[in-house]
$ cat run.pdb   # PDB, C-alpha atoms
ATOM      1  CA  MET A  27     -20.649  10.247 -64.042
ATOM      2  CA  THR A  28     -19.527   8.680 -60.766
ATOM      3  CA  ASP A  29     -18.994   5.021 -60.163
ATOM      4  CA  LEU A  30     -20.769   4.108 -56.948
ATOM      5  CA  SER A  31     -18.518   1.123 -56.269
ATOM      6  CA  GLY A  32     -15.548   3.446 -55.741
ATOM      7  CA  LEU A  33     -17.214   5.352 -52.932
ATOM      8  CA  THR A  34     -15.338   5.275 -49.658
ATOM      9  CA  ALA A  35     -15.899   6.630 -46.183
ATOM     10  CA  ALA A  36     -13.939   9.715 -47.176
ATOM     11  CA  HIS A  37     -16.405  10.416 -49.985
ATOM     12  CA  ALA A  38     -19.329  10.030 -47.610
ATOM     13  CA  THR A  39     -17.726  12.319 -45.030
ATOM     14  CA  PHE A  40     -16.926  14.906 -47.655
ATOM     15  CA  GLY A  41     -20.465  14.751 -49.007
ATOM     16  CA  ALA A  42     -21.981  15.123 -45.563
ATOM     17  CA  HIS A  43     -19.874  18.132 -44.687
ATOM     18  CA  ALA A  44     -20.362  19.744 -48.073
ATOM     19  CA  LEU A  45     -24.112  19.250 -47.671
ATOM     20  CA  ILE A  46     -24.004  20.852 -44.219
ATOM     21  CA  ALA A  47     -22.025  23.786 -45.592
ATOM     22  CA  LEU A  48     -24.225  24.304 -48.631
ATOM     23  CA  GLY A  49     -27.483  23.787 -46.755
ATOM     24  CA  GLY A  50     -26.378  26.203 -44.065
ATOM     25  CA  GLY A  51     -25.348  28.689 -46.709
ATOM     26  CA  LEU A  52     -28.707  28.426 -48.429
ATOM     27  CA  ALA A  53     -30.482  28.895 -45.106
ATOM     28  CA  ALA A  54     -28.267  31.907 -44.373
ATOM     29  CA  VAL A  55     -29.184  33.479 -47.684
ATOM     30  CA  LEU A  56     -32.829  32.554 -48.105
ATOM     31  CA  SER A  57     -34.421  32.790 -44.679
ATOM     32  CA  ALA A  58     -36.330  35.988 -44.059
ATOM     33  CA  ASN A  59     -35.564  36.092 -40.352
ATOM     34  CA  LEU A  60     -32.033  37.343 -39.758
ATOM     35  CA  ALA A  61     -31.556  35.288 -36.594
ATOM     36  CA  ARG A  62     -32.365  32.121 -38.548
ATOM     37  CA  ALA A  63     -30.022  33.286 -41.295
ATOM     38  CA  LEU A  64     -27.270  33.583 -38.700
ATOM     39  CA  ALA A  65     -27.978  30.066 -37.454
ATOM     40  CA  GLY A  66     -27.605  28.904 -41.057
ATOM     41  CA  LEU A  67     -24.313  30.787 -41.324
ATOM     42  CA  ILE A  68     -23.002  29.065 -38.209
ATOM     43  CA  ALA A  69     -24.024  25.667 -39.626
ATOM     44  CA  ALA A  70     -22.212  26.507 -42.851
ATOM     45  CA  MET A  71     -19.100  27.488 -40.909
ATOM     46  CA  PHE A  72     -19.143  24.196 -39.012
ATOM     47  CA  GLY A  73     -19.490  22.337 -42.303
ATOM     48  CA  ILE A  74     -16.503  24.207 -43.718
ATOM     49  CA  ALA A  75     -14.516  23.409 -40.573
ATOM     50  CA  GLY A  76     -15.342  19.738 -41.129
ATOM     51  CA  LEU A  77     -14.036  20.061 -44.683
ATOM     52  CA  TYR A  78     -10.797  21.511 -43.286
ATOM     53  CA  LEU A  79     -10.497  18.551 -40.929
ATOM     54  CA  LEU A  80     -10.987  16.242 -43.886
ATOM     55  CA  LEU A  81      -8.188  18.142 -45.636
ATOM     56  CA  ASN A  82      -5.893  17.157 -42.756
ATOM     57  CA  ALA A  83      -5.624  20.773 -41.583
ATOM     58  CA  PRO A  84      -6.896  20.653 -37.984
ATOM     59  CA  PHE A  85      -5.239  23.943 -37.009
ATOM     60  CA  ILE A  86      -7.116  25.822 -39.710
ATOM     61  CA  ALA A  87     -10.321  23.976 -38.844
ATOM     62  CA  PHE A  88     -10.267  24.989 -35.200
ATOM     63  CA  MET A  89      -9.127  28.527 -35.990
ATOM     64  CA  HIS A  90     -12.049  28.739 -38.380
ATOM     65  CA  ILE A  91     -14.475  27.679 -35.658
ATOM     66  CA  LEU A  92     -12.825  30.067 -33.205
ATOM     67  CA  ILE A  93     -12.941  33.092 -35.511
ATOM     68  CA  ALA A  94     -15.949  32.538 -37.767
ATOM     69  CA  VAL A  95     -18.266  31.053 -35.180
ATOM     70  CA  GLY A  96     -16.829  32.500 -31.997
ATOM     71  CA  ALA A  97     -16.059  36.051 -33.105
ATOM     72  CA  VAL A  98     -17.828  36.970 -36.341
ATOM     73  CA  SER A  99     -21.139  35.317 -35.521
ATOM     74  CA  VAL A 100     -21.217  36.935 -32.086
ATOM     75  CA  PHE A 101     -20.596  40.297 -33.751
ATOM     76  CA  LEU A 102     -23.409  39.585 -36.177
ATOM     77  CA  PHE A 103     -25.767  38.587 -33.387
ATOM     78  CA  LEU A 104     -24.990  41.907 -31.729
ATOM     79  CA  ALA A 105     -25.778  43.647 -35.005
ATOM     80  CA  VAL A 106     -29.063  41.742 -35.314
ATOM     81  CA  MET A 107     -29.959  42.733 -31.767
ATOM     82  CA  LEU A 108     -29.247  46.360 -32.640
ATOM     83  CA  THR A 109     -31.431  46.393 -35.715
ATOM     84  CA  GLY A 110     -34.115  43.883 -34.733
ATOM     85  CA  ALA A 111     -34.375  40.541 -36.439
ATOM     86  CA  GLN A 112     -37.877  40.789 -37.808
ATOM     87  CA  ASP A 113     -38.244  44.307 -39.130
ATOM     88  CA  GLY A 114     -34.571  44.816 -39.821
ATOM     89  CA  ASP A 115     -35.094  43.008 -43.076
ATOM     90  CA  SER A 116     -37.735  44.309 -45.427
ATOM     91  CA  GLU A 117     -38.010  41.170 -47.469
ATOM     92  CA  GLY A 118     -41.420  40.190 -46.192
ATOM     93  CA  ALA A 119     -43.289  41.416 -49.236
ATOM     94  CA  PRO A 120     -40.951  42.034 -52.120
ATOM     95  CA  GLY A 121     -42.436  43.714 -55.151
ATOM     96  CA  SER A 122     -42.561  42.154 -58.564
ATOM     97  CA  ARG A 123     -39.503  44.136 -59.636
ATOM     98  CA  ASP A 124     -37.531  42.711 -56.704
ATOM     99  CA  LYS A 125     -38.660  39.199 -57.565
ATOM    100  CA  ALA A 126     -37.646  39.681 -61.178
ATOM    101  CA  SER A 127     -34.234  41.066 -60.232
ATOM    102  CA  ALA A 128     -33.677  38.253 -57.732
ATOM    103  CA  PHE A 129     -34.590  35.728 -60.405
ATOM    104  CA  ALA A 130     -32.204  37.420 -62.839
ATOM    105  CA  VAL A 131     -29.392  37.325 -60.294
ATOM    106  CA  GLY A 132     -30.042  33.670 -59.585
ATOM    107  CA  ALA A 133     -30.105  32.811 -63.262
ATOM    108  CA  ALA A 134     -26.885  34.734 -63.840
ATOM    109  CA  CYS A 135     -25.165  32.968 -60.944
ATOM    110  CA  ALA A 136     -26.360  29.562 -62.127
ATOM    111  CA  SER A 137     -25.241  30.170 -65.685
ATOM    112  CA  GLY A 138     -21.870  31.453 -64.459
ATOM    113  CA  ALA A 139     -21.437  28.332 -62.354
ATOM    114  CA  ALA A 140     -22.382  26.158 -65.324
ATOM    115  CA  ILE A 141     -19.856  27.936 -67.537
ATOM    116  CA  LEU A 142     -17.138  27.528 -64.913
ATOM    117  CA  ALA A 143     -18.063  23.859 -64.526
ATOM    118  CA  ALA A 144     -17.748  23.370 -68.274
ATOM    119  CA  ILE A 145     -14.336  25.084 -68.277
ATOM    120  CA  ARG A 146     -13.269  22.954 -65.356
ATOM    121  CA  ALA A 147     -14.400  19.738 -67.047
ATOM    122  CA  ALA A 148     -12.568  20.709 -70.219
ATOM    123  CA  LEU A 149      -9.400  21.461 -68.254
ATOM    124  CA  THR A 150      -9.631  18.160 -66.402
ATOM    125  CA  ALA A 151     -10.015  16.316 -69.688
ATOM    126  CA  ALA A 152      -7.024  18.202 -71.036
ATOM    127  CA  TRP A 153      -4.928  17.218 -68.035
ATOM    128  CA  ARG A 154      -5.978  13.602 -68.425
ATOM    129  CA  LEU A 155      -5.002  13.767 -72.072
ATOM    130  CA  ALA A 156      -1.660  15.230 -71.091
ATOM    131  CA  GLY A 157      -0.906  11.949 -69.426
ATOM    132  CA  GLU A 158      -1.412  12.724 -65.730
ATOM    133  CA  SER A 159      -3.475  10.190 -63.905
ATOM    134  CA  ALA A 160      -6.055  11.273 -61.367
ATOM    135  CA  SER A 161      -4.155   9.793 -58.448
ATOM    136  CA  ALA A 162      -1.055  11.821 -59.268
ATOM    137  CA  VAL A 163      -3.049  15.041 -59.311
ATOM    138  CA  SER A 164      -4.500  14.529 -55.857
ATOM    139  CA  ALA A 165      -1.701  13.651 -53.507
ATOM    140  CA  PRO A 166      -2.811  12.797 -49.959
ATOM    141  CA  PRO A 167      -2.821  15.974 -47.867
ATOM    142  CA  VAL A 168      -0.134  16.421 -45.239
ATOM    143  CA  ASP A 169      -0.682  18.036 -41.873
ATOM    144  CA  VAL A 170       2.150  20.538 -41.549
ATOM    145  CA  GLY A 171       1.090  21.631 -38.072
ATOM    146  CA  ALA A 172       0.797  25.049 -36.523
ATOM    147  CA  GLY A 173       4.557  25.439 -36.162
ATOM    148  CA  ALA A 174       5.181  25.452 -39.886
ATOM    149  CA  VAL A 175       2.358  27.942 -40.386
ATOM    150  CA  GLY A 176       3.849  30.229 -37.736
ATOM    151  CA  LYS A 177       7.292  29.987 -39.298
ATOM    152  CA  ALA A 178       5.799  30.860 -42.687
ATOM    153  CA  LEU A 179       4.018  33.845 -41.151
ATOM    154  CA  ILE A 180       7.074  35.349 -39.506
ATOM    155  CA  GLY A 181       9.485  34.240 -42.212
ATOM    156  CA  PRO A 182       8.742  34.565 -45.920
ATOM    157  CA  TYR A 183       5.258  36.009 -45.413
ATOM    158  CA  GLY A 184       6.116  38.591 -42.801
ATOM    159  CA  LEU A 185       5.071  41.456 -45.043
ATOM    160  CA  ALA A 186       1.578  40.035 -45.537
ATOM    161  CA  PHE A 187       1.324  39.406 -41.805
ATOM    162  CA  GLU A 188       2.301  42.996 -41.019
ATOM    163  CA  LEU A 189      -0.115  44.339 -43.638
ATOM    164  CA  VAL A 190      -2.965  42.412 -42.046
ATOM    165  CA  SER A 191      -1.877  43.770 -38.677
ATOM    166  CA  VAL A 192      -2.033  47.312 -40.047
ATOM    167  CA  ALA A 193      -5.449  46.646 -41.584
ATOM    168  CA  LEU A 194      -6.783  45.268 -38.297
ATOM    169  CA  PHE A 195      -5.306  48.211 -36.398
ATOM    170  CA  ALA A 196      -6.927  50.686 -38.768
ATOM    171  CA  ALA A 197     -10.227  48.836 -38.493
ATOM    172  CA  MET A 198     -10.083  48.908 -34.690
ATOM    173  CA  ILE A 199      -9.309  52.633 -34.589
ATOM    174  CA  ALA A 200     -12.019  53.374 -37.145
ATOM    175  CA  ALA A 201     -14.559  51.332 -35.190
ATOM    176  CA  ALA A 202     -13.682  53.075 -31.931
ATOM    177  CA  LEU A 203     -13.805  56.519 -33.538
ATOM    178  CA  LEU A 204     -17.105  55.845 -35.283
ATOM    179  CA  ALA A 205     -18.878  54.442 -32.267
ATOM    180  CA  ARG A 206     -17.361  56.755 -29.656
ATOM    181  CA  GLN A 207     -19.537  59.841 -29.753
ATOM    182  CA  PRO A 208     -22.422  60.943 -31.937
ATOM    183  CA  LEU A 209     -21.419  63.728 -34.278
ATOM    184  CA  ALA A 210     -24.688  65.567 -33.820
ATOM    185  CA  SER A 211     -24.443  65.755 -30.036
ATOM    186  CA  ARG A 212     -20.840  66.920 -30.291
ATOM    187  CA  ARG A 213     -21.967  69.737 -32.546
ATOM    188  CA  ARG A 214     -24.821  70.570 -30.234
ATOM    189  CA  GLY A 215     -22.377  70.652 -27.345
ATOM    190  CA  GLN A 216     -20.389  73.275 -29.225
ATOM    191  CA  GLY A 217     -23.475  75.384 -29.656
ATOM    192  CA  GLU A 218     -23.870  74.955 -33.390
ATOM    193  CA  PRO A 219     -27.384  74.804 -34.758
ATOM    194  CA  SER A 220     -28.302  71.316 -35.884
TER     195      SER A 220
ATOM    196  CA  MET B  25     -13.114  14.245 -60.783
ATOM    197  CA  THR B  26     -10.226  14.660 -58.397
ATOM    198  CA  ALA B  27     -10.507  15.527 -54.713
ATOM    199  CA  LEU B  28      -9.309  19.051 -55.416
ATOM    200  CA  GLY B  29     -12.019  19.381 -58.039
ATOM    201  CA  TRP B  30     -14.709  18.425 -55.535
ATOM    202  CA  TYR B  31     -13.383  20.919 -53.027
ATOM    203  CA  GLN B  32     -13.261  23.676 -55.615
ATOM    204  CA  PHE B  33     -16.804  22.878 -56.698
ATOM    205  CA  THR B  34     -18.002  23.106 -53.110
ATOM    206  CA  ALA B  35     -16.191  26.407 -52.656
ATOM    207  CA  LEU B  36     -17.632  27.702 -55.917
ATOM    208  CA  ALA B  37     -21.159  26.752 -54.900
ATOM    209  CA  LEU B  38     -20.712  28.429 -51.511
ATOM    210  CA  PHE B  39     -19.362  31.549 -53.199
ATOM    211  CA  VAL B  40     -22.312  31.686 -55.585
ATOM    212  CA  VAL B  41     -24.742  31.254 -52.686
ATOM    213  CA  GLY B  42     -23.021  34.047 -50.777
ATOM    214  CA  LEU B  43     -22.993  36.314 -53.816
ATOM    215  CA  GLY B  44     -26.693  35.749 -54.345
ATOM    216  CA  GLY B  45     -27.333  36.594 -50.714
ATOM    217  CA  ALA B  46     -25.213  39.738 -50.805
ATOM    218  CA  VAL B  47     -27.075  40.953 -53.892
ATOM    219  CA  ARG B  48     -30.561  39.912 -52.791
ATOM    220  CA  ARG B  49     -30.565  41.157 -49.207
ATOM    221  CA  ARG B  50     -31.738  44.645 -48.356
ATOM    222  CA  SER B  51     -30.340  45.008 -44.848
ATOM    223  CA  LEU B  52     -26.724  45.619 -43.910
ATOM    224  CA  VAL B  53     -26.524  42.527 -41.718
ATOM    225  CA  GLY B  54     -28.034  40.296 -44.385
ATOM    226  CA  MET B  55     -25.582  41.564 -46.960
ATOM    227  CA  PHE B  56     -22.729  40.961 -44.557
ATOM    228  CA  ILE B  57     -23.834  37.360 -44.029
ATOM    229  CA  GLY B  58     -23.514  36.814 -47.775
ATOM    230  CA  LEU B  59     -20.113  38.511 -47.754
ATOM    231  CA  GLU B  60     -18.959  36.284 -44.926
ATOM    232  CA  LEU B  61     -20.013  33.198 -46.892
ATOM    233  CA  MET B  62     -18.055  34.396 -49.911
ATOM    234  CA  LEU B  63     -14.927  34.955 -47.802
ATOM    235  CA  ALA B  64     -15.246  31.512 -46.221
ATOM    236  CA  ALA B  65     -15.609  29.936 -49.663
ATOM    237  CA  ALA B  66     -12.496  31.741 -50.899
ATOM    238  CA  THR B  67     -10.548  30.565 -47.858
ATOM    239  CA  LEU B  68     -11.747  27.009 -48.409
ATOM    240  CA  ALA B  69     -10.621  27.084 -52.044
ATOM    241  CA  PHE B  70      -7.252  28.523 -51.023
ATOM    242  CA  VAL B  71      -6.507  26.000 -48.296
ATOM    243  CA  ALA B  72      -7.808  23.073 -50.362
ATOM    244  CA  ALA B  73      -5.589  24.041 -53.283
ATOM    245  CA  ALA B  74      -2.587  24.217 -50.978
ATOM    246  CA  GLN B  75      -3.341  20.984 -49.116
ATOM    247  CA  LEU B  76      -4.034  18.981 -52.254
ATOM    248  CA  ALA B  77      -1.202  20.455 -54.295
ATOM    249  CA  PRO B  78       0.073  17.964 -56.823
ATOM    250  CA  LEU B  79       3.718  18.918 -56.443
ATOM    251  CA  LYS B  80       5.767  18.162 -53.346
ATOM    252  CA  PRO B  81       3.166  17.281 -50.702
ATOM    253  CA  GLY B  82       3.499  19.505 -47.674
ATOM    254  CA  TYR B  83       5.512  22.173 -49.402
ATOM    255  CA  ALA B  84       2.636  24.492 -50.288
ATOM    256  CA  ALA B  85       0.481  23.551 -47.297
ATOM    257  CA  ALA B  86       2.109  26.007 -44.893
ATOM    258  CA  GLN B  87       1.653  28.848 -47.369
ATOM    259  CA  GLY B  88      -1.981  27.970 -47.920
ATOM    260  CA  GLN B  89      -2.754  27.690 -44.229
ATOM    261  CA  ALA B  90      -0.982  30.985 -43.510
ATOM    262  CA  GLY B  91      -2.999  32.642 -46.266
ATOM    263  CA  GLY B  92      -6.183  31.163 -44.852
ATOM    264  CA  LEU B  93      -5.344  32.582 -41.431
ATOM    265  CA  LEU B  94      -4.765  36.047 -42.911
ATOM    266  CA  LEU B  95      -8.118  35.865 -44.696
ATOM    267  CA  MET B  96      -9.878  34.892 -41.478
ATOM    268  CA  GLY B  97      -8.288  37.817 -39.650
ATOM    269  CA  LEU B  98      -9.448  40.214 -42.347
ATOM    270  CA  ALA B  99     -12.981  38.812 -42.121
ATOM    271  CA  ALA B 100     -13.024  39.353 -38.358
ATOM    272  CA  GLY B 101     -11.812  42.943 -38.714
ATOM    273  CA  GLU B 102     -14.510  43.515 -41.301
ATOM    274  CA  ALA B 103     -17.156  42.314 -38.857
ATOM    275  CA  ALA B 104     -15.945  44.808 -36.238
ATOM    276  CA  LEU B 105     -16.180  47.608 -38.793
ATOM    277  CA  LEU B 106     -19.688  46.510 -39.766
ATOM    278  CA  LEU B 107     -20.808  46.763 -36.159
ATOM    279  CA  ALA B 108     -19.368  50.281 -35.830
ATOM    280  CA  ILE B 109     -20.951  51.427 -39.095
ATOM    281  CA  LEU B 110     -24.265  49.946 -38.001
ATOM    282  CA  VAL B 111     -24.092  51.866 -34.722
ATOM    283  CA  VAL B 112     -23.488  55.115 -36.586
ATOM    284  CA  VAL B 113     -26.220  54.414 -39.149
ATOM    285  CA  LEU B 114     -28.761  53.586 -36.475
ATOM    286  CA  ARG B 115     -27.791  56.647 -34.447
ATOM    287  CA  THR B 116     -28.127  59.091 -37.334
ATOM    288  CA  ARG B 117     -31.290  57.493 -38.639
ATOM    289  CA  SER B 118     -33.011  57.224 -35.281
ATOM    290  CA  ALA B 119     -32.550  61.004 -35.028
ATOM    291  CA  ILE B 120     -34.764  61.245 -38.111
ATOM    292  CA  GLY B 121     -37.196  58.724 -36.701
ATOM    293  CA  GLU B 122     -36.467  55.608 -38.733
ATOM    294  CA  LYS B 123     -35.011  52.556 -37.089
ATOM    295  CA  SER B 124     -33.836  50.175 -39.731
ATOM    296  CA  ALA B 125     -30.651  49.363 -41.552
ATOM    297  CA  ASP B 126     -32.201  49.221 -44.986
ATOM    298  CA  VAL B 127     -29.461  49.970 -47.466
ATOM    299  CA  ASP B 128     -31.873  51.472 -49.980
ATOM    300  CA  ALA B 129     -32.510  54.340 -47.577
ATOM    301  CA  LEU B 130     -28.791  54.998 -47.130
ATOM    302  CA  SER B 131     -28.094  57.093 -50.174
ATOM    303  CA  THR B 132     -26.227  60.039 -48.681
ATOM    304  CA  LEU B 133     -22.752  60.168 -47.206
ATOM    305  CA  LYS B 134     -22.988  63.488 -45.378
ATOM    306  CA  GLY B 135     -21.593  63.300 -41.862
TER     307      GLY B 135
END
$ encode --input "run.pdb" --output "structure tokens"
Amino acid sequence: MTDLSGLTAAHATFGAHALIALGGGLAAVLSANLARALAGLIAAMFGIAGLYLLLNAPFIAFMHILIAVGAVSVFLFLAVMLTGAQDGDSEGAPGSRDKASAFAVGAACASGAAILAAIRAALTAAWRLAGESASAVSAPPVDVGAGAVGKALIGPYGLAFELVSVALFAAMIAAALLARQPLASRRRGQGEPS
Amino acid sequence: MTALGWYQFTALALFVVGLGGAVRRRSLVGMFIGLELMLAAATLAFVAAAQLAPLKPGYAAAQGQAGGLLLMGLAAGEAALLLAILVVVLRTRSAIGEKSADVDALSTLKG
């Protein structure tokens, strides 16, 4: 399918980062220990950040590292510490029903991916037949910089920006309210039977 | 295949991996790891489509990067909510005597 003589350094870099992302993702999903799964998730996030750099979007790449690795993974490590990495996950000895359902899910995902790949290949062939060459479809990516992104966020996409702000605000308030005081002890403090 | 096609394939594979993890895992944290992978894959597909847009290079890139930033913010807020929910789940369940975040045991919503 691919002609090896056309491979460039960009192909190799893309392949390496895609391999890091996919391998990390597989480790995040398949490893029984949740701490190891988190390490796999962090590897996958670094691979995705490398893909962003290859897309000539360094701002997004470093924001991705900052948020996904610096914030979300730290949150998840806290969650793992709360539940316990080993016995927090009861996948040590899955029953035969669990194995069968996992196999069914995997088969369904694989067949869905194959169907999508077939659709994609058909569409690509259709585009080629329509007269567009491959080089015209993939223009070299342009780095617009953080300034253009900021202008887009406060200009034409201000509504989406404000909606995300509202969602984050609601999430913060909900988190604070949920974690503030146990409901049972509040009821006991009021003298209700529990 | 074009560069955009390769990126979309990578994003699709990551999404499938994350979906499999979210379905297969039994603990809240494990499911959230799969969810986080799916969100990252969606962001990657979004930004790649904007950066490698065939029409007018640079025109759609700002939109795509802004959308990617919004998605990342939503993912971070989701993680904060997961931690709060986990605290509540552990607190109510440790009152009963169990100390795990197994989602199969969480079948009631009574406060």
$ closest_residue --input "run.pdb" --among "B:Phe33, B:Leu38, B:Met62, B:Gly101" --to "A:Ile46" --atoms "all atoms listed in the file"
B:Leu38
$ interface_residues --input "run.pdb" --of "chain B" --to "chain A" --cutoff "6 Å" --atoms "all atoms listed in the file" --output "PyMOL selection string"
chain B and resi 45+51+75-76+78+82+86+90+100-101+103+105+107-108+124
$ atom_distance --input "run.pdb" --atom1 "atom CA of A:Glu188" --atom2 "atom CA of B:Phe70"
20.0 Å
$ atom_distance --input "run.pdb" --atom1 "atom CA of B:Ala65" --atom2 "atom CA of A:Thr39"
18.3 Å
$ resolve_selection --input "run.pdb" --expression "the PyMOL selection byres ((chain B and resi 31) around 9)" --output "VMD selection string"
(chain A and resid 40 44 77) or (chain B and resid 26 to 30 32 to 36 68 to 69 72 to 73)
$ atom_distance --input "run.pdb" --atom1 "atom CA of B:Ala66" --atom2 "atom CA of A:Ala38"
23.0 Å
$ closest_residue --input "run.pdb" --among "B:Gly54, B:Leu61, B:Thr116, B:Thr132" --to "A:Ala69" --atoms "only C-alpha atoms"
B:Leu61
$ closest_residue --input "run.pdb" --among "B:Met25, B:Ala85, B:Ala99, B:Val40" --to "B:Glu60" --atoms "all atoms listed in the file"
B:Ala99
$ axis_aligned_box --input "run.pdb" --around "stretch 37-48 of chain A" --padding-each-side "4 Å" --output "lines of an AutoDock Vina configuration file"
center_x = -20.3
center_y = 17.2
center_z = -47.1
size_x = 15.8
size_y = 22.3
size_z = 13.8
$ closest_residue --input "run.pdb" --among "B:Val127, B:Ala37, B:Leu114, B:Leu95" --to "A:Met107" --atoms "all atoms listed in the file"
B:Leu114
